[in-house]
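Enquirer: Below are the structure tokens for one structure; questions will follow.
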Number of protein chains: 6
Amino acid sequence: MAQLPLDSDDVVARALSEDLGAEGDVTSRASVPADLVAAARIEARAPGVLAGLPVAGHVFGAVDASLEFDPSAVDGERVTAGEAVARVRGRARSILAAERTALNVLTHLSGIATLTREFVEACEGTESVVLCTRKTLPGLRSLARYAVECGGGRLHRFGLHDGILLKDNHVALAGGVAEAVRRARAGGPHTLRVEVEVETLDQLREALGAGADAVLLDNADLDTVKRAVDLVGDRVPLEVSGGMTPERVREIAGLGRLLISVGRLTHSAPALDLALEIES
Amino acid sequence: MAQLPLDSDDVVARALSEDLGAEGDVTSRASVPADLVAAARIEARAPGVLAGLPVAGHVFGAVDASLEFDPSAVDGERVTAGEAVARVRGRARSILAAERTALNVLTHLSGIATLTREFVEACEGTESVVLCTRKTLPGLRSLARYAVECGGGRLHRFGLHDGILLKDNHVALAGGVAEAVRRARAGGPHTLRVEVEVETLDQLREALGAGADAVLLDNADLDTVKRAVDLVGDRVPLEVSGGMTPERVREIAGLGRLLISVGRLTHSAPALDLALEIES
Amino acid sequence: MAQLPLDSDDVVARALSEDLGAEGDVTSRASVPADLVAAARIEARAPGVLAGLPVAGHVFGAVDASLEFDPSAVDGERVTAGEAVARVRGRARSILAAERTALNVLTHLSGIATLTREFVEACEGTESVVLCTRKTLPGLRSLARYAVECGGGRLHRFGLHDGILLKDNHVALAGGVAEAVRRARAGGPHTLRVEVEVETLDQLREALGAGADAVLLDNADLDTVKRAVDLVGDRVPLEVSGGMTPERVREIAGLGRLLISVGRLTHSAPALDLALEIES
Amino acid sequence: MAQLPLDSDDVVARALSEDLGAEGDVTSRASVPADLVAAARIEARAPGVLAGLPVAGHVFGAVDASLEFDPSAVDGERVTAGEAVARVRGRARSILAAERTALNVLTHLSGIATLTREFVEACEGTESVVLCTRKTLPGLRSLARYAVECGGGRLHRFGLHDGILLKDNHVALAGGVAEAVRRARAGGPHTLRVEVEVETLDQLREALGAGADAVLLDNADLDTVKRAVDLVGDRVPLEVSGGMTPERVREIAGLGRLLISVGRLTHSAPALDLALEIES
Amino acid sequence: MAQLPLDSDDVVARALSEDLGAEGDVTSRASVPADLVAAARIEARAPGVLAGLPVAGHVFGAVDASLEFDPSAVDGERVTAGEAVARVRGRARSILAAERTALNVLTHLSGIATLTREFVEACEGTESVVLCTRKTLPGLRSLARYAVECGGGRLHRFGLHDGILLKDNHVALAGGVAEAVRRARAGGPHTLRVEVEVETLDQLREALGAGADAVLLDNADLDTVKRAVDLVGDRVPLEVSGGMTPERVREIAGLGRLLISVGRLTHSAPALDLALEIES
Amino acid sequence: MAQLPLDSDDVVARALSEDLGAEGDVTSRASVPADLVAAARIEARAPGVLAGLPVAGHVFGAVDASLEFDPSAVDGERVTAGEAVARVRGRARSILAAERTALNVLTHLSGIATLTREFVEACEGTESVVLCTRKTLPGLRSLARYAVECGGGRLHRFGLHDGILLKDNHVALAGGVAEAVRRARAGGPHTLRVEVEVETLDQLREALGAGADAVLLDNADLDTVKRAVDLVGDRVPLEVSGGMTPERVREIAGLGRLLISVGRLTHSAPALDLALEIES
């Protein structure tokens with residue numbers, strides 16, 4: 001299973017600090033007795049795939065270490081509308097102070113996982129996989145990638161520092177695909193594969209000839225993808241991208257062993273609706 | 001006009017740190033000469049409302065203070081597909097290192113502004129306004145609110161610390177609308193209005209009777225909203241919320257001087273497509 | 001009771017870092033054996049009101065988690081000269097390393113609480129309350145407000161961000177009380193009351209006419225306060241300020257249900273004398 | 001002249017963050033036009049000694065780098081009631097947003113300098129000097145010491161890490177003055193003098209015999225101080241402390257070349273009254 | 001040329017904070033007039049290769065932005081004993097406050113560059129290159145790698161996150177070289193090459209058979225390296241490591257196109273002797 | 001025994017962040033099952049003196065709080081080649097993720113302790129002691145001093161802020177040894193001794209005459225040291241420095257009660273070879 005990112009507590013702290021400021025929850029302090037104990041239920045209001053439940057638990061714990069958080073589902077699991085995914089019990093004021101921050105994390109990450117799952121299912125029965133990209137929201141990359149994994153997606157490089165991907169702009173500035181690949185092979189660390197973006201089959205041949213370790217075929221039509229798969233064979237990983245929808249993935253996934261990268265997973269996933277209800 | 005949030009440079013620093021890690025852009029370093037100078041254009045690929053262009057400028061400046069960033073549009077402005085919104089000129093490596101982070105901020109915030117504008121336009125010709133909520137993504141609340149303002153939306157409280165909003169859970173725990181309002185008036189700071197969420201007209205009357213300074217009517221049908229407007233008159237601000245779409249806003253906005261709060265603006269806005277092209 | 005502020009551990013960490021630097025307590029290390037265990041008593045040397053005892057406990061715990069800190073009084077309690085308020089037991093070196101930092105916090109906050117109590121008692125038998133202001137020392141606002149609450153005082157807005165108070169400078173720049181109030185009602189968030197500072201009864205009438213939600217009457221004589229109380233009635237909260245001393249508060253508090261704000265509580269309270277004695 | 005402490009910008013940032021939160025000055029934003037330019041004067045409302053004027057300048061600069069801050073006095077200078085000490089000019093909103101934070105720093109530090117000057121003047125015509133102690137407010141030690149220097153006072157060790165002072169508790173735990181001094185001379189770094197607190201002349205003799213490099217005589221009466229001065233001569237620095245008032249310092253300062261340490265300078269100095277007035 | 005690491009200013013700030021504490025340079029403040037201007041020369045006392053001169057410049061600038069720092073050499077350049085590498089001019093106190101921190105950075109990094117150059121020269125006339133490892137000192141990895149590049153060395157992966165290297169422990173836990181490689185190819189990101197450590201030629205064959213993208217041959221004798229070179233040919237990069245000295249590198253470098261990794265470059269390089277002399 | 005520095009957890013966090021980045025250990029995640037439990041042994045590969053074993057333990061704990069770390073040696077202890085110094089047991093992935101960072105700290109600090117011990121042993125049978133200097137690596141001063149203490153060395157001042165040492169540059173700028181000492185005695189805090197660097201016996205006499213509390217004799221030959229010892233007697237501490245090797249220390253240590261300061265301990269100590277082996 002996916003591993004919670006190293007920075008998730010920092011994200012929680014930042015989010016809580018936004019909501020609580022220096023004064024905390026003035027509403028609850030004014031209206032709810034300090035010693036009142038309550039129990040609450042987090043439940044899904046729409047079907048989807050969970051991601052971030054342990055992070056939500058960290059939010060409650062960061063607000064008040066004495067709150068008891070009991071998840072009844074795990075990240076990566078499908079949930080139905082109306083299903084309870086966790087219960088939390090303890091000081092009512094603490095539950096209310098943590099509620100929105102916990103839900104903001106959980107609904108956002110579950111939204112990513114849910115959208116990812118839709119793309120992953122479009123690959124079912126094929127050898128292709130779905131990848132996320134670097135199109136993530138500021139400060140949330142690790143958590144977004146975690147959510148993608150919960151949805152069944154795979155990861156591309158984390159950032160500019162841990163992978164070589166020669167994009168159209170690099171190719172243009174280097175004066176062609178082959179030259180860009182040659183430079184990267186010579187100048188890059190021996191630990192990184194050299195992947196290059198191509199738009200035509202000619203460029204693809206050029207890339208392979210120059211020793212590219214992976215190729216990204218951007219915005220190609222179905223037929224071009226097919227011929228690219230034939231050209232590349234098992235030699236190197238072949239990634240495809242550009243305007244992917246579940247429908248398009250269904251058409252393309254069966255053509256070969258493709259890495260299908262989808263920016264939308266992390267830049268445009270709508271939140272999954274989840275809410276907290278006080279039970280007693 | 002909206003003011004850039006105080007923490008936007010922190011967000012930029014965090015986002016850059018994600019993408020650059022300790023090693024920076026290994027691809028460009030391996031494939032693009034250190035002294036190569038280039039010019040690039042940021043252009044919209046879809047119509048929408050801009051937000052975050054100065055923040056994108058800060059990203060380029062944070063990567064390399066010698067880059068020249070020249071915006072040709074301003075936040076809050078409508079753009080059409082194909083329209084250039086800014087040019088940047090300087091070391092090619094620096095432009096490429098900043099590109100994705102700059103676009104990630106810009107496409108996300110412009111997505112929020114674009115969605116907000118759609119709701120705002122649904123209020124046109126009425127006295128109602130659109131508000132965002134606390135349903136924001138971790139660490140991005142200030143910027144999201146800025147984008148909402150760029151889209152023409154108005155702001156609700158920032159967090160739990162700077163506004164009193166007695167929600168259903170508070171009302172339940174306090175034992176009723178009137179009691180919750182009384183407690184908040186007695187225990188809260190005299191600088192904050194006391195707003196309370198109600199679901200029925202009876203509760204609304206109870207709220208007004210107890211001295212609520214504002215009322216939030218959640219999930220009400222058109223007829224209930226109409227009667228609530230009559231009941232409240234000009235006495236206190238009346239907020240409505242729950243499952244708002246532009247269509248529903250069009251029906252509701254003309255009923256009175258409403259504050260229409262929409263969580264979707266900040267938790268589910270899809271990114272606006274913008275891209276960077278090297279020109280030379 | 002007042003709640004310990006969210007940032008009190010940060011304040012403790014900063015204060016300890018000042019005193020300990022990188023090397024810690026060189027005196028104790030050179031003169032006291034590492035394994036020597038001791039017990040100490042914190043006692044008041046003057047009568048007053050305690051505030052900050054749990055924070056002092058955090059100081060000892062931050063220096064050495066194995067120290068046992070046993071308070072025998074609670075914040076908000078009156079203490080007499082010679083009274084022990086806590087005992088601490090454990091490694092002698094650790095107690096000595098924490099002593100000054102713990103006392104610095106405790107004597108300062110108790111000084112604020114003690115001064116506040118003096119003003120609060122001047123209101124006894126009336127409906128008026130004492131408020132602190134934003135005149136606090138850098139980095140200590142939350143703790144100072146906590147101490148004010150321990151003394152029985154009430155809180156004004158935390159800062160510029162969570163309350164609207166149109167002061168003389170705003171009124172002058174806006175061109176009058178009524179215009180300032182109108183602008184704030186139109187432009188401010190609906191969650192904040194609009195309070196305005198006035199100096200004359202005419203301005204007070206203007207404020208009420210323009211819809212001010214609260215009024216601050218600055219530097220008024222007894223007679224003016226009396227007439228202001230009559231004018232305002234129960235319509236909005238009436239705050240008075242300016243050169244408050246316990247004597248003046250005694251004269252003024254009975255005139256109505258006043259919010260009496262006193263800058264001195266947080267900018268000029270002398271420390272309450274407390275000391276630590278090694279007992280064995 | 002005293003040098004601004006290395007951490008004064010951090011203190012400014014912390015104080016501004018308290019006052020501005022995430023939203024900044026909502027009052028000014030709602031009531032003062034964004035482009036309105038104003039000029040303001042900071043003036044003393046009571047006589048005293050200035051400290052912190054450059055720090056106040058940093059506050060204005062941190063809020064808005066385009067503000068012009070023109071001091072007409074320097075730290076350490078005496079000011080009279082009604083005297084202008086600085087002018088600031090620029091965006092009205094920025095001046096108002098910085099006002100309280102700038103004044104909070106300036107009035108607090110000037111309060112320390114003013115009280116220090118009173119003690120320093122009590123030493124006039126003698127060889128004795130006034131020292132501050134480690135009894136400072138959390139996070140403000142460097143600035144407080146700076147203010148003491150502005151008032152003409154001298155500095156003791158900064159913290160536990162940069163000086164050896166064997167206090168009564170160390171002496172008790174070590175089993176006597178001589179043994180404590182011997183341990184500190186053997187175990188402490190050769191770069192630090194060994195100072196020891198004594199309460200009697202016998203202890204003083206014991207300290208000198210054991211090789212103390214400095215002696216602190218606590219809570220002694222006039223006659224004991226006189227005899228201590230005779231005993232110590234020029235051999236080592238002699239510090240006196242305990243319940244110092246300007247009157248007591250006047251009696252004691254002429255008795256020798258004393259270091260007179262006064263906790264009150266930094267733990268109980270009342271603020272000096274200064275205010276900001278918009279001039280146009 | 002090598003690029004200064006992104007975190008070098010943080011390292012400078014940390015180092016200055018160690019040396020200056022809260023009080024700064026008490027010696028210079030007590031003995032050197034505040035307005036005395038001086039000029040100083042940094043000179044090598046032993047022959048070597050420079051690294052870190054711009055970082056030393058940052059140290060002077062961080063202490064006092066008005067200091068003029070004029071380097072007369074560049075990083076990567078050979079210097080001889082007695083040669084001046086930079087001059088600095090400005091306030092004498094500032095130069096002295098920065099001196100030790102600037103030299104500590106410069107002598108350490110130049111020590112690494114000098115040792116690296118020795119290994120690099122042992123490869124002269126061959127196709128082999130020298131690489132550093134992850135055996136770096138805490139918090140100094142980026143700067144150490146920079147110094148290695150100044151010495152002419154090449155870089156291995158930065159950390160565990162940006163490269164796959166299956167070491168003996170992974171192989172043991174995975175149950176063999178082939179299985180470890182297979183798992184890494186299946187489970188690792190497609191952007192990273194899969195490198196595996198082997199100790200025998202049989203393991204080497206197993207690695208190649210399983211599709212390893214690079215091989216590290218640890219602690220092999222000359223003959224084994226020779227045969228490994230024959231086996232691997234141009235198929236994948238071949239790295240060798242283990243007890244490398246310049247002598248051993250001279251024997252081994254000519255055997256093929258080897259990546260020779262040397263932990264000693266970054267964990268045991270002695271400082272290069274450089275000193276600062278006040279000239280006037 | 002030496003005390004772990006206050007900042008050692010910060011150093012650990014920084015070092016781990018370098019190695020783990022945002023993604024952690026991709027190799028282990030791809031090749032080692034998540035639930036595999038292993039035991040490992042840290043053993044010395046060369047004889048030396050241990051320092052940093054508890055810090056290594058903190059590294060394992062910071063990566064995974066469930067790892068069990070059992071040291072079988074203590075800091076300051078001599079170890080022989082092949083000797084196990086600790087065992088660690090728990091999730092295999094966690095052990096591997098922490099391995100290099102733990103070893104980097106341990107081998108570096110043990111290298112310092114080992115070199116220090118060599119110098120300390122050269123003093124055996126004499127009254128002289130070995131001191132470290134401020135020639136430390138950026139960010140590692142506290143830990144380096146700790147390692148020196150583990151090796152049996154003594155500490156000089158921590159930084160510029162907690163000791164007065166007038167070096168040749170101060171003497172030159174002040175216009176002579178006597179004047180420099182006089183200024184420092186007058187202007188420095190009474191808590192710090194005034195140490196001055198001299199190069200000749202004449203300067204030494206001048207220093208004593210001016211009231212220096214300690215003298216540093218730099219780069220003197222054996223005969224000069226001898227005569228300096230006679231001159232100084234027991235009056236003040238006498239420090240010697242300059243090009244110290246164990247051989248030279250053996251010659252010099254018996255001449256008196258000298259403080260022998262050695263920069264090499266902290267700027268050029270080679271790492272002590274220690275490694276981690278998976279046992280099962």
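Ordered as shown in the structure tokens, chains take letters A, B, and onward, while each chain numbers its residues from 1 and ligands are numbered from 1 in the order shown.
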For chain E against chain A, which residues fall within 6 Å using only C-alpha atoms, given as a short mmCIF file (atom, residue, chain, number, x, y, z; two decimals) with all heavy atoms, in the first residue's frame?

Expert:
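Result file result-v7.cif:
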data_model
loop_
_atom_site.label_atom_id
_atom_site.label_comp_id
_atom_site.auth_asym_id
_atom_site.auth_seq_id
_atom_site.Cartn_x
_atom_site.Cartn_y
_atom_site.Cartn_z
N ASP E 162 16.44 9.74 -5.07
CA ASP E 162 16.58 10.07 -6.48
C ASP E 162 17.49 9.11 -7.23
O ASP E 162 18.11 9.49 -8.24
CB ASP E 162 17.06 11.51 -6.65
CG ASP E 162 18.47 11.72 -6.14
OD1 ASP E 162 18.96 10.86 -5.38
OD2 ASP E 162 19.09 12.72 -6.52
N GLY E 163 17.53 7.88 -6.77
CA GLY E 163 18.30 6.89 -7.48
C GLY E 163 18.03 5.54 -6.84
O GLY E 163 17.67 5.47 -5.66
N THR E 191 11.50 6.30 -14.25
CA THR E 191 12.47 7.36 -14.52
C THR E 191 13.86 7.06 -13.95
O THR E 191 14.82 7.76 -14.27
CB THR E 191 11.98 8.67 -13.90
OG1 THR E 191 11.59 8.40 -12.55
CG2 THR E 191 10.78 9.21 -14.66
N LEU E 192 13.95 6.06 -13.10
CA LEU E 192 15.23 5.76 -12.45
C LEU E 192 15.86 4.49 -13.01
O LEU E 192 15.17 3.49 -13.18
CB LEU E 192 15.02 5.58 -10.94
CG LEU E 192 14.47 6.77 -10.15
CD1 LEU E 192 14.40 6.43 -8.67
CD2 LEU E 192 15.33 8.00 -10.38
N ARG E 193 17.16 4.55 -13.26
CA ARG E 193 17.87 3.32 -13.62
C ARG E 193 17.95 2.42 -12.41
O ARG E 193 17.88 2.87 -11.28
CB ARG E 193 19.28 3.66 -14.12
CG ARG E 193 19.27 4.46 -15.42
CD ARG E 193 20.43 4.07 -16.32
NE ARG E 193 20.33 4.82 -17.57
CZ ARG E 193 21.12 5.86 -17.89
NH1 ARG E 193 22.07 6.25 -17.06
NH2 ARG E 193 20.96 6.48 -19.04
#

Enquirer: Near stretch 78-80 of chain C, within 8 Å and counting only C-alpha atoms, which residues show up once chain neighbours fewer than 5 positions away are dropped, as a ChimeraX atom specification?

Expert: /C:44-50,85

Enquirer: Kindly give the distance, in Å, that separates atom CA of C:Ala81 and atom CA of C:Leu103, rounded to a single decimal.

Expert: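 Answer for the atom CA of C:Ala81 to atom CA of C:Leu103 separation: 15.6 Å.
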
Enquirer: Using DSSP on the backbone coordinates, identify the residues of stretch 56-200 of chain E assigned to strand (DSSP E); present them as a ChimeraX atom specification.

Expert: /E:68-71,78-79,84-91,129-131,164-166,194-198

Enquirer: Quick one: distance from atom CA of B:Arg248 to atom CA of B:Arg145 in Å, one decimal?

Expert: 22.4 Å

Enquirer: So the first atom is atom CA of E:Glu118 and the second is atom CA of F:Leu106; what is the distance between them in Å, to one decimal place?

Expert: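 So the two atoms, atom CA of E:Glu118 and atom CA of F:Leu106, lie 26.4 Å apart.
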
Enquirer: Do you know which residues are at most 10 Å from B:Val11 counting only C-alpha atoms, after dropping those on the same chain fewer than 6 positions away, and could you put them as a list in words?

Expert: Pro138 and Gly139 of chain A; Ser17, Val55, Val59, Val105, Gly139, Leu140, Ser142 and Leu143 of chain B

Enquirer: Go through stretch 20-83 of chain E and collect every residue that DSSP, computed from the backbone, puts in helix (DSSP H, G or I); the answer should be as a ChimeraX atom specification.

Expert: /E:20,26-31,53-63

Enquirer: Find the spatial neighbours of E:Ala228, counting only C-alpha atoms, within a cut-off of 12 Å - ignore same-chain residues fewer than 5 positions away - and output them as an mmCIF file with C-alpha atoms, in the first residue's frame.

Expert:
data_model
loop_
_atom_site.group_PDB
_atom_site.id
_atom_site.type_symbol
_atom_site.label_atom_id
_atom_site.label_comp_id
_atom_site.auth_asym_id
_atom_site.auth_seq_id
_atom_site.Cartn_x
_atom_site.Cartn_y
_atom_site.Cartn_z
ATOM 1 C CA VAL E 198 27.699 -7.225 -6.965
ATOM 2 C CA GLU E 199 30.775 -8.851 -5.526
ATOM 3 C CA THR E 200 31.480 -11.628 -7.984
ATOM 4 C CA LEU E 201 31.420 -12.093 -11.717
ATOM 5 C CA ASP E 202 28.619 -14.585 -11.338
ATOM 6 C CA GLN E 203 26.525 -11.978 -9.613
ATOM 7 C CA LEU E 204 27.472 -9.546 -12.345
ATOM 8 C CA ARG E 205 26.162 -11.925 -15.000
ATOM 9 C CA ALA E 207 22.514 -8.673 -12.749
ATOM 10 C CA LEU E 208 22.878 -8.171 -16.487
ATOM 11 C CA VAL E 215 26.263 -2.307 -11.864
ATOM 12 C CA LEU E 216 28.430 -1.483 -8.886
ATOM 13 C CA LEU E 217 31.320 -3.863 -8.351
ATOM 14 C CA ASP E 218 32.462 -3.535 -4.767
ATOM 15 C CA ALA E 220 37.071 -6.345 -6.392
ATOM 16 C CA ASP E 221 40.710 -7.030 -7.229
ATOM 17 C CA LEU E 222 42.319 -5.784 -10.416
ATOM 18 C CA ASP E 223 41.764 -8.961 -12.340
ATOM 19 C CA GLY E 233 31.180 -3.821 -22.436
ATOM 20 C CA ASP E 234 29.128 -0.773 -23.385
ATOM 21 C CA ARG E 235 25.868 -2.244 -22.235
ATOM 22 C CA VAL E 236 25.494 -0.428 -18.932
ATOM 23 C CA PRO E 237 27.581 1.846 -16.735
ATOM 24 C CA LEU E 238 30.031 -0.039 -14.520
ATOM 25 C CA GLU E 239 30.852 1.472 -11.145
ATOM 26 C CA VAL E 240 33.678 0.277 -8.897
ATOM 27 C CA ILE E 252 42.288 0.648 -12.221
ATOM 28 C CA LEU E 255 40.919 -0.795 -17.501
ATOM 29 C CA GLY E 256 37.755 0.621 -19.016
ATOM 30 C CA ARG E 257 35.186 3.367 -18.848
ATOM 31 C CA LEU E 258 34.683 3.099 -15.099
#

Enquirer: Show which residues sit within 8 Å of D:Ile95, as a list of chain:residue names. Count only C-alpha atoms, and ignore same-chain residues fewer than 5 positions away.

Expert: D:Ala40, D:Phe60, D:Leu67, D:Val88, D:Arg89, D:Gly90

Enquirer: Please provide the set of residues having any atom within 10 Å of F:Ala62, restricted to only C-alpha atoms, with same-chain residues fewer than 3 positions apart removed, written as a list in words.

Expert: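 So the residues in contact are Asp9, Val12, Ala13, Leu16, Ala56, Gly57, His58, Val59, Ala65, Ser66, Leu67, Ser94 and Ala98 of chain F.
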
Enquirer: Store the residues picked out above, limited to N, CA, C and O atoms, as a PDB file, in the first residue's frame.

Expert:
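Writing the result to out14.pdb gives the following:
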ATOM      1  N   ASP F   9      19.088  16.889  17.688  1.00  0.00           N
ATOM      2  CA  ASP F   9      17.932  16.412  16.922  1.00  0.00           C
ATOM      3  C   ASP F   9      17.717  17.232  15.649  1.00  0.00           C
ATOM      4  O   ASP F   9      17.270  16.703  14.624  1.00  0.00           O
ATOM      5  N   VAL F  12      20.102  15.830  13.134  1.00  0.00           N
ATOM      6  CA  VAL F  12      19.572  14.562  12.633  1.00  0.00           C
ATOM      7  C   VAL F  12      18.465  14.813  11.608  1.00  0.00           C
ATOM      8  O   VAL F  12      18.438  14.212  10.523  1.00  0.00           O
ATOM      9  N   ALA F  13      17.561  15.715  11.926  1.00  0.00           N
ATOM     10  CA  ALA F  13      16.447  16.001  11.020  1.00  0.00           C
ATOM     11  C   ALA F  13      16.962  16.535   9.680  1.00  0.00           C
ATOM     12  O   ALA F  13      16.477  16.143   8.613  1.00  0.00           O
ATOM     13  N   LEU F  16      18.637  13.635   7.732  1.00  0.00           N
ATOM     14  CA  LEU F  16      17.637  12.718   7.178  1.00  0.00           C
ATOM     15  C   LEU F  16      16.918  13.353   6.008  1.00  0.00           C
ATOM     16  O   LEU F  16      16.626  12.693   5.003  1.00  0.00           O
ATOM     17  N   ALA F  56      23.155   8.335  16.610  1.00  0.00           N
ATOM     18  CA  ALA F  56      22.796   7.313  15.623  1.00  0.00           C
ATOM     19  C   ALA F  56      21.471   6.669  16.030  1.00  0.00           C
ATOM     20  O   ALA F  56      20.599   6.409  15.188  1.00  0.00           O
ATOM     21  N   GLY F  57      21.318   6.410  17.317  1.00  0.00           N
ATOM     22  CA  GLY F  57      20.051   5.856  17.800  1.00  0.00           C
ATOM     23  C   GLY F  57      18.877   6.775  17.487  1.00  0.00           C
ATOM     24  O   GLY F  57      17.816   6.316  17.068  1.00  0.00           O
ATOM     25  N   HIS F  58      19.108   8.074  17.650  1.00  0.00           N
ATOM     26  CA  HIS F  58      18.038   9.022  17.325  1.00  0.00           C
ATOM     27  C   HIS F  58      17.686   8.971  15.844  1.00  0.00           C
ATOM     28  O   HIS F  58      16.533   9.179  15.468  1.00  0.00           O
ATOM     29  N   VAL F  59      18.671   8.745  15.002  1.00  0.00           N
ATOM     30  CA  VAL F  59      18.388   8.649  13.565  1.00  0.00           C
ATOM     31  C   VAL F  59      17.422   7.494  13.301  1.00  0.00           C
ATOM     32  O   VAL F  59      16.404   7.669  12.616  1.00  0.00           O
ATOM     33  N   ALA F  65       9.787   5.030  14.799  1.00  0.00           N
ATOM     34  CA  ALA F  65       9.817   4.989  16.263  1.00  0.00           C
ATOM     35  C   ALA F  65       9.722   3.570  16.799  1.00  0.00           C
ATOM     36  O   ALA F  65      10.016   3.323  17.974  1.00  0.00           O
ATOM     37  N   SER F  66       9.356   2.622  15.942  1.00  0.00           N
ATOM     38  CA  SER F  66       9.213   1.254  16.446  1.00  0.00           C
ATOM     39  C   SER F  66      10.515   0.446  16.346  1.00  0.00           C
ATOM     40  O   SER F  66      10.562  -0.704  16.782  1.00  0.00           O
ATOM     41  N   LEU F  67      11.550   1.019  15.775  1.00  0.00           N
ATOM     42  CA  LEU F  67      12.832   0.291  15.723  1.00  0.00           C
ATOM     43  C   LEU F  67      13.413   0.189  17.125  1.00  0.00           C
ATOM     44  O   LEU F  67      13.351   1.128  17.917  1.00  0.00           O
ATOM     45  N   SER F  94      12.900   0.310   7.257  1.00  0.00           N
ATOM     46  CA  SER F  94      13.246   1.439   8.127  1.00  0.00           C
ATOM     47  C   SER F  94      14.739   1.418   8.456  1.00  0.00           C
ATOM     48  O   SER F  94      15.397   2.456   8.497  1.00  0.00           O
ATOM     49  N   ALA F  98      17.482   4.423   7.350  1.00  0.00           N
ATOM     50  CA  ALA F  98      18.227   5.190   8.345  1.00  0.00           C
ATOM     51  C   ALA F  98      19.730   4.922   8.294  1.00  0.00           C
ATOM     52  O   ALA F  98      20.531   5.734   8.777  1.00  0.00           O
TER      53      ALA F  98
END

Enquirer: From the set A:Ala212, A:Ala113, A:Leu166, A:Ala271, which residue has the shortest atom-to-atom contact distance to A:Glu197, counting only C-alpha atoms?

Expert: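 Checking each candidate against A:Glu197, we get A:Leu166 as the closest.
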
Enquirer: Can you pull out the residues contacting C:Asp25? Cut-off 8 Å, using only C-alpha atoms, and skip same-chain residues under 4 positions away; I want them as a list in words.

Expert: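 In the requested form, the answer reads Leu20, Arg29 and Ala97 of chain C; Leu160 and His161 of chain D.
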
Enquirer: Generate a file of the selected residues that holds N, CA, C and O atoms, formatted as a PDB file, in the first residue's frame.

Expert:
ATOM      1  N   LEU C  20      19.712  29.458  27.290  1.00  0.00           N
ATOM      2  CA  LEU C  20      20.619  28.310  27.227  1.00  0.00           C
ATOM      3  C   LEU C  20      21.631  28.406  26.091  1.00  0.00           C
ATOM      4  O   LEU C  20      22.697  27.793  26.153  1.00  0.00           O
ATOM      5  N   ARG C  29      26.777  22.990  35.349  1.00  0.00           N
ATOM      6  CA  ARG C  29      27.566  21.847  34.889  1.00  0.00           C
ATOM      7  C   ARG C  29      28.919  21.812  35.592  1.00  0.00           C
ATOM      8  O   ARG C  29      29.461  20.745  35.864  1.00  0.00           O
ATOM      9  N   ALA C  97      18.725  24.971  35.449  1.00  0.00           N
ATOM     10  CA  ALA C  97      18.760  25.446  34.059  1.00  0.00           C
ATOM     11  C   ALA C  97      17.420  26.053  33.646  1.00  0.00           C
ATOM     12  O   ALA C  97      17.358  26.963  32.820  1.00  0.00           O
TER      13      ALA C  97
ATOM     14  N   LEU D 160      22.625  31.736  30.519  1.00  0.00           N
ATOM     15  CA  LEU D 160      23.346  30.736  31.304  1.00  0.00           C
ATOM     16  C   LEU D 160      24.598  30.242  30.598  1.00  0.00           C
ATOM     17  O   LEU D 160      25.468  29.640  31.227  1.00  0.00           O
ATOM     18  N   HIS D 161      24.679  30.465  29.302  1.00  0.00           N
ATOM     19  CA  HIS D 161      25.743  29.856  28.507  1.00  0.00           C
ATOM     20  C   HIS D 161      26.993  30.698  28.404  1.00  0.00           C
ATOM     21  O   HIS D 161      28.017  30.221  27.939  1.00  0.00           O
TER      22      HIS D 161
END
